[in-house]
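Chemist: Here's a structure for you.
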Amino acid sequence: MSRRARLLGIMGSGVAVIPSASEKLRNRDSHYPYRADSYFHYLCAFPEPEAVLVLVAGSEPRSLLFCRDKDCDKETWDGFRFGPDAGRETFGFDEAHSITTLDEKLVELLANQPALWFSLGHDASWDARITKTLNAVRAQGRDGKRAPAEIRDIRMAMDAMRLIKDEDEIALMRRAASISVRAHHRAMRAARPGRFEYEIEAELLHEFRASGCQAPAYTSIVAGGANGCILHYVDNNRPLKDGELLLIDAGCELECYASDISRSFPVNGQFSGAQADVYALVLDAQTAAIAAIRPGANFHAPHAAALKVLVQGMVDLKLLHGAVDGIIESEAYKRFYMHRTGHWLGLDVHDVGEYKDGEQWKMLEAGMMLTVEPGCYIRAAADVPAAFHDIGVRIEDDALVTAGGCEIITRDAVKTIADIEALMAE
């Protein structure tokens with residue numbers, strides 16, 4: 001309720017229409033597991049499909065829920081429904097109505113309002129529905145009814161809100177992080193030569209679901225050997241081989257909030273010399289990036305800190321040649337490190353929020369949550385020393401910006417070479 005009140009205050013006037021996600025068919029009459037739209041969930045947490053939130057700002061602000069009717073016959077087949085009355089009482093709305101009345105009531109609600117707040121361009125079917133509604137308001141012009149003169153992007157207002165996490169969100173994300181830590185430890189203990197990547201993925205999924213998570217926050221990356229050099233590898237179908245590294249990028253989603261952890265470790269439990277060199281380099285880069293996260297620093301600072309360490313290491317390992325500053329300026333390092341060092345994290349694994357204010361990088365503030373994930377990906381090539389062929393390393397943790405710096409909420413996931421080898425030897 002407090003988030004809805006804040007948004008109504010930001011709007012000042014007008015009407016916001018925020019639909020939840022629709023159900024999606026997987027095949028024939030079987031649906032994918034339902035997951036609410038993140039903007040909708042952020043404002044009301046109502047869990048059912050076919051639901052719409054309408055906010056009316058102004059001198060008498062109010063929030064309205066439109067949802068499915070209570071239907072005992074359908075509940076026999078598909079499970080419990082709140083219905084408008086219970087939906088209003090349970091989730092604290094001023095009003096609640098049947099979803100079947102939405103189109104008619106929207107015409108009434110939008111008449112003579114100065115602005116419509118809506119995520120235009122997000123869903124083509126909803127764009128068409130809103131256009132039809134606005135035209136229905138315009139058709140009442142002879143009765144003195146006016147359609148909103150402006151359409152404003154509700155996402156712009158909400159993105160800034162979502163960028164700063166409140167205490168409830170932080171608590172949920174800590175829980176999600178803890179579950180994902182256990183999943184990564186489980187995967188490390190399960191890995192050994194001859195097992196398949198999907199077997200290790202199953203260990204992750206088991207821990208997620210057994211701990212009460214609804215789903216992974218994204219498709220898990222379980223990449224052995226050369227697959228670790230593919231940033232978004234998700235086939236997860238190759239056998240693990242002795243002497244290779246296994247890169248896992250996986251996190252659970254708990255009550256719609258994401259965690260995001262990456263770890264890289266040897267399939268046989270022992271780092272080779274070259275693997276240890278690359279791993280230590282990436283870990284040093286992450287340490288530098290974490291040290292740069294604090295209120296008042298800009299979003300780019302962790303990336304710049306990590307990049308300087310990585311490029312110096314690439315030169316030391318004879319992967320690149322030249323001066324560090326020149327390599328950074330020319331972006332020659334992108335052969336081995338082609339992504340940024342982090343992203344916002346929250347209801348979406350790549351969460352909403354601008355990364356720049358105008359031309360300047362956004363300043364970090366307490367309550368922001370971001371990932372810290374430097375990497376180094378060395379594909380086999382004639383000009384690359386053979387010992388480094390097909391070594392892919394990414395180390396990723398989730399950082400909460402605090403008043404004094406940052407808190408790594410995934411810090412319990414082992415990541416030193418000694419700790420990884422000790423865990424795998426258990």
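By convention in this document, the chains of the structure tokens carry letters A, B, ... by their order, each chain's residues are numbered from 1, and ligands are numbered from 1 in the order they are shown.
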Per residue of region 354-385 of chain A within 10 Å of region 248-268 of chain A, which atom pair is closest and at what distance in Å (one decimal), using only C-alpha atoms, listed by chain and increasing number, as a Markdown table?

Modeler:
| residue | atom | partner | partner_atom | distance |
| --- | --- | --- | --- | --- |
| A:Leu370 | CA | A:Asp260 | CA | 9.6 |
| A:Thr371 | CA | A:Asp260 | CA | 7.3 |
| A:Val372 | CA | A:Ile261 | CA | 9.2 |
| A:Glu373 | CA | A:Ser262 | CA | 7.6 |
| A:Pro374 | CA | A:Ser262 | CA | 9.9 |
| A:Gly375 | CA | A:Ser262 | CA | 9.8 |

Chemist: What would the file look like if the residues just selected were written as a short mmCIF file (atom, residue, chain, number, x, y, z; two decimals), in the first residue's frame with C-alpha atoms?

Modeler:
data_model
loop_
_atom_site.label_atom_id
_atom_site.label_comp_id
_atom_site.auth_asym_id
_atom_site.auth_seq_id
_atom_site.Cartn_x
_atom_site.Cartn_y
_atom_site.Cartn_z
CA LEU A 370 23.84 -4.65 -8.12
CA THR A 371 25.92 -7.60 -9.25
CA VAL A 372 29.74 -7.66 -9.38
CA GLU A 373 30.84 -10.10 -12.08
CA PRO A 374 34.19 -9.71 -13.81
CA GLY A 375 35.31 -12.54 -16.07
#

Chemist: Please report as JSON lines every residue of region 188-232 of chain A lying within 12 Å of region 349-352 of chain A, along with the nearest atom pair and their distance in Å (one decimal), using only C-alpha atoms.

Modeler:
{"residue": "A:Pro216", "atom": "CA", "partner": "A:Val349", "partner_atom": "CA", "distance": 10.2}
{"residue": "A:Ala217", "atom": "CA", "partner": "A:Val349", "partner_atom": "CA", "distance": 6.5}
{"residue": "A:Tyr218", "atom": "CA", "partner": "A:Val349", "partner_atom": "CA", "distance": 7.3}
{"residue": "A:Thr219", "atom": "CA", "partner": "A:Val349", "partner_atom": "CA", "distance": 10.8}

Chemist: Just to be explicit: take each residue in the selection above, keep N, CA and C atoms, and write the result as a JSON list (two decimals), in the first residue's frame.

Modeler:
[["chain", "number", "residue", "atom", "x", "y", "z"],
["A", 216, "PRO", "N", 13.96, -20.85, -10.97],
["A", 216, "PRO", "CA", 15.22, -20.13, -11.11],
["A", 216, "PRO", "C", 14.94, -18.72, -11.62],
["A", 217, "ALA", "N", 15.80, -17.79, -11.30],
["A", 217, "ALA", "CA", 15.60, -16.40, -11.72],
["A", 217, "ALA", "C", 15.87, -16.23, -13.21],
["A", 218, "TYR", "N", 16.57, -17.20, -13.80],
["A", 218, "TYR", "CA", 16.89, -17.20, -15.22],
["A", 218, "TYR", "C", 17.37, -18.60, -15.54],
["A", 219, "THR", "N", 17.49, -18.92, -16.82],
["A", 219, "THR", "CA", 17.94, -20.25, -17.20],
["A", 219, "THR", "C", 19.38, -20.45, -16.75]]

Chemist: Of the residues A:Ile293, A:Ala418, A:Ala304, A:Leu310, which is the one nearest to Cys406 (chain A), using only C-alpha atoms?

Modeler: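 Of all the options, A:Ile293 lies closest to Cys406 (chain A).
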
Chemist: Name the residues of region 157-392 of chain A that come out as strand (DSSP E) in a backbone DSSP run; write them as a PyMOL selection string.

Modeler: chain A and resi 215-216+221-224+245-250+252-254+257-258+261-266+356-357+360-361+369-372+375-378+391-392

Chemist: Pick the closest to Ile290 (chain A) from A:His185, A:His321, A:Arg411, A:His339: which is it, counting only C-alpha atoms?

Modeler: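 Smallest distance to Ile290 (chain A) is found for A:Arg411.
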
Chemist: Please, what distance in Å, to one decimal, runs between CA of His31 (chain A) and CA of Glu48 (chain A)?

Modeler: 13.9 Å

Chemist: Tell me which protein, DNA and RNA residues are within 6 Å of region 55-57 of chain A, counting only C-alpha atoms, leaving out same-chain ones fewer than 3 positions away, and put them as a list in words.

Modeler: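 Listed by chain and then number, they are Leu8, Gly12, Ser13, Gly14, Val15, Ala16, Pro61, Arg62 and Ser63 of chain A.
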
Chemist: Could you please take those selected residues and save C-alpha atoms as a PDB file, in the first residue's frame?

Modeler:
ATOM      1  CA  LEU A   8       0.138   8.308  -6.583  1.00  0.00           C
ATOM      2  CA  GLY A  12       0.080  14.048  -9.003  1.00  0.00           C
ATOM      3  CA  SER A  13      -2.869  13.678 -11.312  1.00  0.00           C
ATOM      4  CA  GLY A  14      -4.221  11.306 -13.938  1.00  0.00           C
ATOM      5  CA  VAL A  15      -4.938   7.588 -14.123  1.00  0.00           C
ATOM      6  CA  ALA A  16      -2.420   4.735 -14.246  1.00  0.00           C
ATOM      7  CA  PRO A  61      -6.493   9.256  -4.730  1.00  0.00           C
ATOM      8  CA  ARG A  62      -7.658   5.675  -4.889  1.00  0.00           C
ATOM      9  CA  SER A  63      -6.484   2.264  -6.010  1.00  0.00           C
TER      10      SER A  63
END

Chemist: What's the separation between CA of Asp325 (chain A) and CA of Ala386 (chain A), in Å to one decimal place?

Modeler: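 Rounded to one decimal, the two atoms are 26.5 Å apart.
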
Chemist: So that I can see what lies close to Asp153 (chain A), please list as a PyMOL selection string the residues with an atom at most 7 Å from it, counting only C-alpha atoms and leaving out residues fewer than 3 positions away in the same chain.

Modeler: chain A and resi 117-120+156

Chemist: Between CA of Ile130 (chain A) and CA of Asp159 (chain A), what is the distance in Å, rounded to a tenth?

Modeler: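 CA of Ile130 (chain A) sits 21.7 Å away from CA of Asp159 (chain A).
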
Chemist: Between A:Gly392, A:Gly243, A:Pro49, A:Pro84, which residue has the minimum interatomic distance to Cys376 (chain A), considering only C-alpha atoms?

Modeler: A:Gly392

Chemist: At a cut-off of 12 Å, using only C-alpha atoms, what residues contact region 186-198 of chain A? Leave out same-chain residues fewer than 4 positions from it and give the result as number ranges by chain.

Modeler: A: 179-182, 202-208, 219-225, 227-228, 233-250, 262-270, 413-415, 419-426

Chemist: Write out as CSV a residue-level contact list of region 114-220 of chain A versus region 395-405 of chain A with cut-off 12 Å: for each qualifying residue the closest pair of atoms and the distance in Å to one decimal, counting only C-alpha atoms, rows sorted by chain and residue number upward.

Modeler:
residue,atom,partner,partner_atom,distance
A:Leu163,CA,A:Val401,CA,11.2
A:Ile164,CA,A:Val401,CA,9.5
A:Lys165,CA,A:Leu400,CA,9.1
A:Asp166,CA,A:Leu400,CA,11.3
A:Glu167,CA,A:Leu400,CA,11.6
A:Glu169,CA,A:Leu400,CA,11.3
A:Ile170,CA,A:Leu400,CA,8.3
A:Ala171,CA,A:Leu400,CA,11.2
A:Met173,CA,A:Asp398,CA,9.3
A:Arg174,CA,A:Asp398,CA,9.4
A:Ala176,CA,A:Asp398,CA,10.7
A:Ala177,CA,A:Asp398,CA,7.9
A:Ser178,CA,A:Asp398,CA,11.0
A:Ser180,CA,A:Asp397,CA,10.7
A:Val181,CA,A:Asp397,CA,10.0
A:His184,CA,A:Glu396,CA,11.8

Chemist: Just list as an mmCIF file with N, CA and C atoms, in the first residue's frame whatever in region 187-352 of chain A DSSP marks as helix (DSSP H, G or I).

Modeler:
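The result, stored in result.cif:
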data_model
loop_
_atom_site.group_PDB
_atom_site.id
_atom_site.type_symbol
_atom_site.label_atom_id
_atom_site.label_comp_id
_atom_site.auth_asym_id
_atom_site.auth_seq_id
_atom_site.Cartn_x
_atom_site.Cartn_y
_atom_site.Cartn_z
ATOM 1 N N ALA A 187 26.255 -28.012 -6.018
ATOM 2 C CA ALA A 187 26.764 -28.299 -7.362
ATOM 3 C C ALA A 187 28.255 -28.621 -7.324
ATOM 4 N N MET A 188 29.005 -27.878 -6.529
ATOM 5 C CA MET A 188 30.443 -28.154 -6.429
ATOM 6 C C MET A 188 30.700 -29.557 -5.889
ATOM 7 N N ARG A 189 29.922 -29.942 -4.889
ATOM 8 C CA ARG A 189 30.115 -31.279 -4.308
ATOM 9 C C ARG A 189 29.727 -32.387 -5.297
ATOM 10 N N ALA A 190 28.786 -32.080 -6.190
ATOM 11 C CA ALA A 190 28.278 -33.099 -7.115
ATOM 12 C C ALA A 190 29.131 -33.244 -8.371
ATOM 13 N N GLU A 197 26.490 -31.930 -17.739
ATOM 14 C CA GLU A 197 26.145 -30.591 -17.261
ATOM 15 C C GLU A 197 24.726 -30.553 -16.714
ATOM 16 N N TYR A 198 23.800 -31.239 -17.375
ATOM 17 C CA TYR A 198 22.407 -31.195 -16.906
ATOM 18 C C TYR A 198 22.229 -31.889 -15.557
ATOM 19 N N GLU A 199 23.108 -32.831 -15.231
ATOM 20 C CA GLU A 199 23.027 -33.443 -13.905
ATOM 21 C C GLU A 199 23.371 -32.424 -12.815
ATOM 22 N N ILE A 200 24.328 -31.565 -13.102
ATOM 23 C CA ILE A 200 24.693 -30.527 -12.139
ATOM 24 C C ILE A 200 23.595 -29.457 -12.082
ATOM 25 N N GLU A 201 23.022 -29.161 -13.219
ATOM 26 C CA GLU A 201 21.877 -28.227 -13.233
ATOM 27 C C GLU A 201 20.749 -28.769 -12.355
ATOM 28 N N ALA A 202 20.522 -30.076 -12.408
ATOM 29 C CA ALA A 202 19.465 -30.681 -11.590
ATOM 30 C C ALA A 202 19.734 -30.501 -10.100
ATOM 31 N N GLU A 203 20.998 -30.519 -9.697
ATOM 32 C CA GLU A 203 21.344 -30.283 -8.292
ATOM 33 C C GLU A 203 20.953 -28.867 -7.881
ATOM 34 N N LEU A 204 21.214 -27.908 -8.756
ATOM 35 C CA LEU A 204 20.825 -26.522 -8.482
ATOM 36 C C LEU A 204 19.316 -26.398 -8.330
ATOM 37 N N LEU A 205 18.596 -26.949 -9.300
ATOM 38 C CA LEU A 205 17.136 -26.843 -9.294
ATOM 39 C C LEU A 205 16.530 -27.533 -8.080
ATOM 40 N N HIS A 206 17.124 -28.651 -7.679
ATOM 41 C CA HIS A 206 16.632 -29.355 -6.494
ATOM 42 C C HIS A 206 16.720 -28.447 -5.267
ATOM 43 N N GLU A 207 17.868 -27.795 -5.097
ATOM 44 C CA GLU A 207 18.039 -26.934 -3.923
ATOM 45 C C GLU A 207 17.096 -25.737 -3.972
ATOM 46 N N PHE A 208 16.919 -25.170 -5.153
ATOM 47 C CA PHE A 208 15.993 -24.041 -5.287
ATOM 48 C C PHE A 208 14.593 -24.440 -4.835
ATOM 49 N N ARG A 209 14.095 -25.513 -5.412
ATOM 50 C CA ARG A 209 12.687 -25.884 -5.160
ATOM 51 C C ARG A 209 12.518 -26.422 -3.751
ATOM 52 N N ALA A 210 13.463 -27.197 -3.272
ATOM 53 C CA ALA A 210 13.364 -27.753 -1.925
ATOM 54 C C ALA A 210 13.408 -26.660 -0.865
ATOM 55 N N GLY A 225 34.327 -26.672 -19.641
ATOM 56 C CA GLY A 225 35.361 -26.500 -20.661
ATOM 57 C C GLY A 225 35.129 -25.300 -21.552
ATOM 58 N N ALA A 226 35.205 -25.524 -22.861
ATOM 59 C CA ALA A 226 35.064 -24.433 -23.833
ATOM 60 C C ALA A 226 33.705 -23.754 -23.734
ATOM 61 N N ASN A 227 32.684 -24.458 -23.250
ATOM 62 C CA ASN A 227 31.358 -23.832 -23.107
ATOM 63 C C ASN A 227 31.390 -22.664 -22.127
ATOM 64 N N GLY A 228 32.371 -22.654 -21.215
ATOM 65 C CA GLY A 228 32.512 -21.549 -20.282
ATOM 66 C C GLY A 228 32.902 -20.249 -20.950
ATOM 67 N N CYS A 229 33.328 -20.316 -22.204
ATOM 68 C CA CYS A 229 33.659 -19.110 -22.962
ATOM 69 C C CYS A 229 32.470 -18.602 -23.764
ATOM 70 N N GLY A 273 47.828 -25.069 -12.958
ATOM 71 C CA GLY A 273 48.548 -23.804 -12.826
ATOM 72 C C GLY A 273 47.930 -22.677 -13.624
ATOM 73 N N ALA A 274 47.616 -22.924 -14.892
ATOM 74 C CA ALA A 274 47.029 -21.888 -15.742
ATOM 75 C C ALA A 274 45.629 -21.519 -15.265
ATOM 76 N N GLN A 275 44.845 -22.530 -14.875
ATOM 77 C CA GLN A 275 43.507 -22.242 -14.357
ATOM 78 C C GLN A 275 43.581 -21.372 -13.109
ATOM 79 N N ALA A 276 44.494 -21.691 -12.225
ATOM 80 C CA ALA A 276 44.654 -20.917 -10.996
ATOM 81 C C ALA A 276 45.084 -19.487 -11.302
ATOM 82 N N ASP A 277 45.951 -19.309 -12.317
ATOM 83 C CA ASP A 277 46.406 -17.962 -12.673
ATOM 84 C C ASP A 277 45.236 -17.103 -13.151
ATOM 85 N N VAL A 278 44.420 -17.655 -14.041
ATOM 86 C CA VAL A 278 43.283 -16.893 -14.564
ATOM 87 C C VAL A 278 42.253 -16.653 -13.469
ATOM 88 N N TYR A 279 42.006 -17.675 -12.663
ATOM 89 C CA TYR A 279 41.026 -17.537 -11.593
ATOM 90 C C TYR A 279 41.456 -16.456 -10.603
ATOM 91 N N ALA A 280 42.726 -16.475 -10.188
ATOM 92 C CA ALA A 280 43.221 -15.487 -9.234
ATOM 93 C C ALA A 280 43.119 -14.076 -9.810
ATOM 94 N N LEU A 281 43.352 -13.947 -11.110
ATOM 95 C CA LEU A 281 43.224 -12.650 -11.761
ATOM 96 C C LEU A 281 41.789 -12.126 -11.666
ATOM 97 N N VAL A 282 40.825 -12.974 -11.990
ATOM 98 C CA VAL A 282 39.427 -12.549 -11.958
ATOM 99 C C VAL A 282 38.996 -12.232 -10.526
ATOM 100 N N LEU A 283 39.459 -13.019 -9.579
ATOM 101 C CA LEU A 283 39.116 -12.759 -8.183
ATOM 102 C C LEU A 283 39.705 -11.427 -7.710
ATOM 103 N N ASP A 284 40.936 -11.134 -8.117
ATOM 104 C CA ASP A 284 41.528 -9.837 -7.777
ATOM 105 C C ASP A 284 40.727 -8.696 -8.395
ATOM 106 N N ALA A 285 40.268 -8.895 -9.621
ATOM 107 C CA ALA A 285 39.461 -7.861 -10.281
ATOM 108 C C ALA A 285 38.154 -7.645 -9.540
ATOM 109 N N GLN A 286 37.534 -8.742 -9.081
ATOM 110 C CA GLN A 286 36.285 -8.591 -8.337
ATOM 111 C C GLN A 286 36.523 -7.872 -7.006
ATOM 112 N N THR A 287 37.620 -8.198 -6.336
ATOM 113 C CA THR A 287 37.951 -7.534 -5.077
ATOM 114 C C THR A 287 38.101 -6.026 -5.284
ATOM 115 N N ALA A 288 38.743 -5.637 -6.373
ATOM 116 C CA ALA A 288 38.905 -4.213 -6.678
ATOM 117 C C ALA A 288 37.556 -3.557 -6.973
ATOM 118 N N ALA A 289 36.711 -4.267 -7.699
ATOM 119 C CA ALA A 289 35.389 -3.719 -8.028
ATOM 120 C C ALA A 289 34.552 -3.520 -6.773
ATOM 121 N N ILE A 290 34.556 -4.518 -5.888
ATOM 122 C CA ILE A 290 33.775 -4.422 -4.648
ATOM 123 C C ILE A 290 34.248 -3.239 -3.810
ATOM 124 N N ALA A 291 35.544 -3.013 -3.772
ATOM 125 C CA ALA A 291 36.089 -1.899 -2.993
ATOM 126 C C ALA A 291 35.644 -0.549 -3.527
ATOM 127 N N HIS A 300 29.826 3.331 -12.901
ATOM 128 C CA HIS A 300 30.939 2.868 -13.735
ATOM 129 C C HIS A 300 32.183 2.532 -12.918
ATOM 130 N N ALA A 301 32.286 3.052 -11.699
ATOM 131 C CA ALA A 301 33.520 2.910 -10.913
ATOM 132 C C ALA A 301 33.929 1.454 -10.682
ATOM 133 N N PRO A 302 33.015 0.544 -10.299
ATOM 134 C CA PRO A 302 33.429 -0.853 -10.120
ATOM 135 C C PRO A 302 33.969 -1.476 -11.408
ATOM 136 N N HIS A 303 33.336 -1.149 -12.531
ATOM 137 C CA HIS A 303 33.799 -1.698 -13.811
ATOM 138 C C HIS A 303 35.194 -1.187 -14.140
ATOM 139 N N ALA A 304 35.416 0.103 -13.933
ATOM 140 C CA ALA A 304 36.735 0.676 -14.233
ATOM 141 C C ALA A 304 37.811 0.049 -13.358
ATOM 142 N N ALA A 305 37.480 -0.174 -12.090
ATOM 143 C CA ALA A 305 38.457 -0.777 -11.179
ATOM 144 C C ALA A 305 38.781 -2.207 -11.591
ATOM 145 N N ALA A 306 37.755 -2.984 -11.917
ATOM 146 C CA ALA A 306 37.968 -4.368 -12.347
ATOM 147 C C ALA A 306 38.739 -4.425 -13.656
ATOM 148 N N LEU A 307 38.394 -3.546 -14.569
ATOM 149 C CA LEU A 307 39.012 -3.566 -15.894
ATOM 150 C C LEU A 307 40.515 -3.307 -15.817
ATOM 151 N N LYS A 308 40.914 -2.374 -14.978
ATOM 152 C CA LYS A 308 42.340 -2.070 -14.853
ATOM 153 C C LYS A 308 43.114 -3.291 -14.367
ATOM 154 N N VAL A 309 42.558 -3.996 -13.380
ATOM 155 C CA VAL A 309 43.219 -5.203 -12.869
ATOM 156 C C VAL A 309 43.255 -6.293 -13.939
ATOM 157 N N LEU A 310 42.137 -6.494 -14.623
ATOM 158 C CA LEU A 310 42.068 -7.548 -15.639
ATOM 159 C C LEU A 310 43.059 -7.311 -16.767
ATOM 160 N N VAL A 311 43.122 -6.087 -17.252
ATOM 161 C CA VAL A 311 44.007 -5.814 -18.390
ATOM 162 C C VAL A 311 45.470 -5.979 -17.983
ATOM 163 N N GLN A 312 45.832 -5.512 -16.788
ATOM 164 C CA GLN A 312 47.203 -5.716 -16.317
ATOM 165 C C GLN A 312 47.517 -7.216 -16.240
ATOM 166 N N GLY A 313 46.551 -7.994 -15.754
ATOM 167 C CA GLY A 313 46.754 -9.438 -15.678
ATOM 168 C C GLY A 313 46.869 -10.086 -17.041
ATOM 169 N N MET A 314 46.089 -9.618 -18.005
ATOM 170 C CA MET A 314 46.175 -10.162 -19.354
ATOM 171 C C MET A 314 47.552 -9.900 -19.961
ATOM 172 N N VAL A 315 48.114 -8.748 -19.661
ATOM 173 C CA VAL A 315 49.469 -8.439 -20.130
ATOM 174 C C VAL A 315 50.485 -9.346 -19.430
ATOM 175 N N ASP A 316 50.325 -9.494 -18.111
ATOM 176 C CA ASP A 316 51.260 -10.332 -17.357
ATOM 177 C C ASP A 316 51.232 -11.782 -17.823
ATOM 178 N N VAL A 324 48.777 -0.775 -20.509
ATOM 179 C CA VAL A 324 47.435 -1.024 -19.993
ATOM 180 C C VAL A 324 46.451 0.047 -20.462
ATOM 181 N N ASP A 325 46.827 1.324 -20.326
ATOM 182 C CA ASP A 325 45.910 2.403 -20.717
ATOM 183 C C ASP A 325 45.580 2.341 -22.207
ATOM 184 N N GLY A 326 46.566 2.015 -23.018
ATOM 185 C CA GLY A 326 46.324 1.924 -24.458
ATOM 186 C C GLY A 326 45.399 0.774 -24.811
ATOM 187 N N ILE A 327 45.565 -0.355 -24.122
ATOM 188 C CA ILE A 327 44.695 -1.511 -24.377
ATOM 189 C C ILE A 327 43.262 -1.190 -23.975
ATOM 190 N N ILE A 328 43.101 -0.482 -22.844
ATOM 191 C CA ILE A 328 41.748 -0.100 -22.421
ATOM 192 C C ILE A 328 41.138 0.861 -23.419
ATOM 193 N N GLU A 329 41.915 1.838 -23.875
ATOM 194 C CA GLU A 329 41.392 2.826 -24.822
ATOM 195 C C GLU A 329 40.994 2.177 -26.148
ATOM 196 N N SER A 330 41.803 1.249 -26.632
ATOM 197 C CA SER A 330 41.516 0.584 -27.909
ATOM 198 C C SER A 330 40.455 -0.511 -27.791
ATOM 199 N N ALA A 332 41.014 -3.496 -26.909
ATOM 200 C CA ALA A 332 41.552 -4.784 -27.339
ATOM 201 C C ALA A 332 41.261 -5.876 -26.317
ATOM 202 N N TYR A 333 41.063 -5.500 -25.069
ATOM 203 C CA TYR A 333 40.758 -6.468 -24.004
ATOM 204 C C TYR A 333 39.446 -7.205 -24.245
ATOM 205 N N LYS A 334 38.557 -6.645 -25.074
ATOM 206 C CA LYS A 334 37.241 -7.252 -25.281
ATOM 207 C C LYS A 334 37.314 -8.619 -25.946
ATOM 208 N N ARG A 335 38.472 -8.973 -26.448
ATOM 209 C CA ARG A 335 38.648 -10.339 -26.961
ATOM 210 C C ARG A 335 38.474 -11.342 -25.828
#
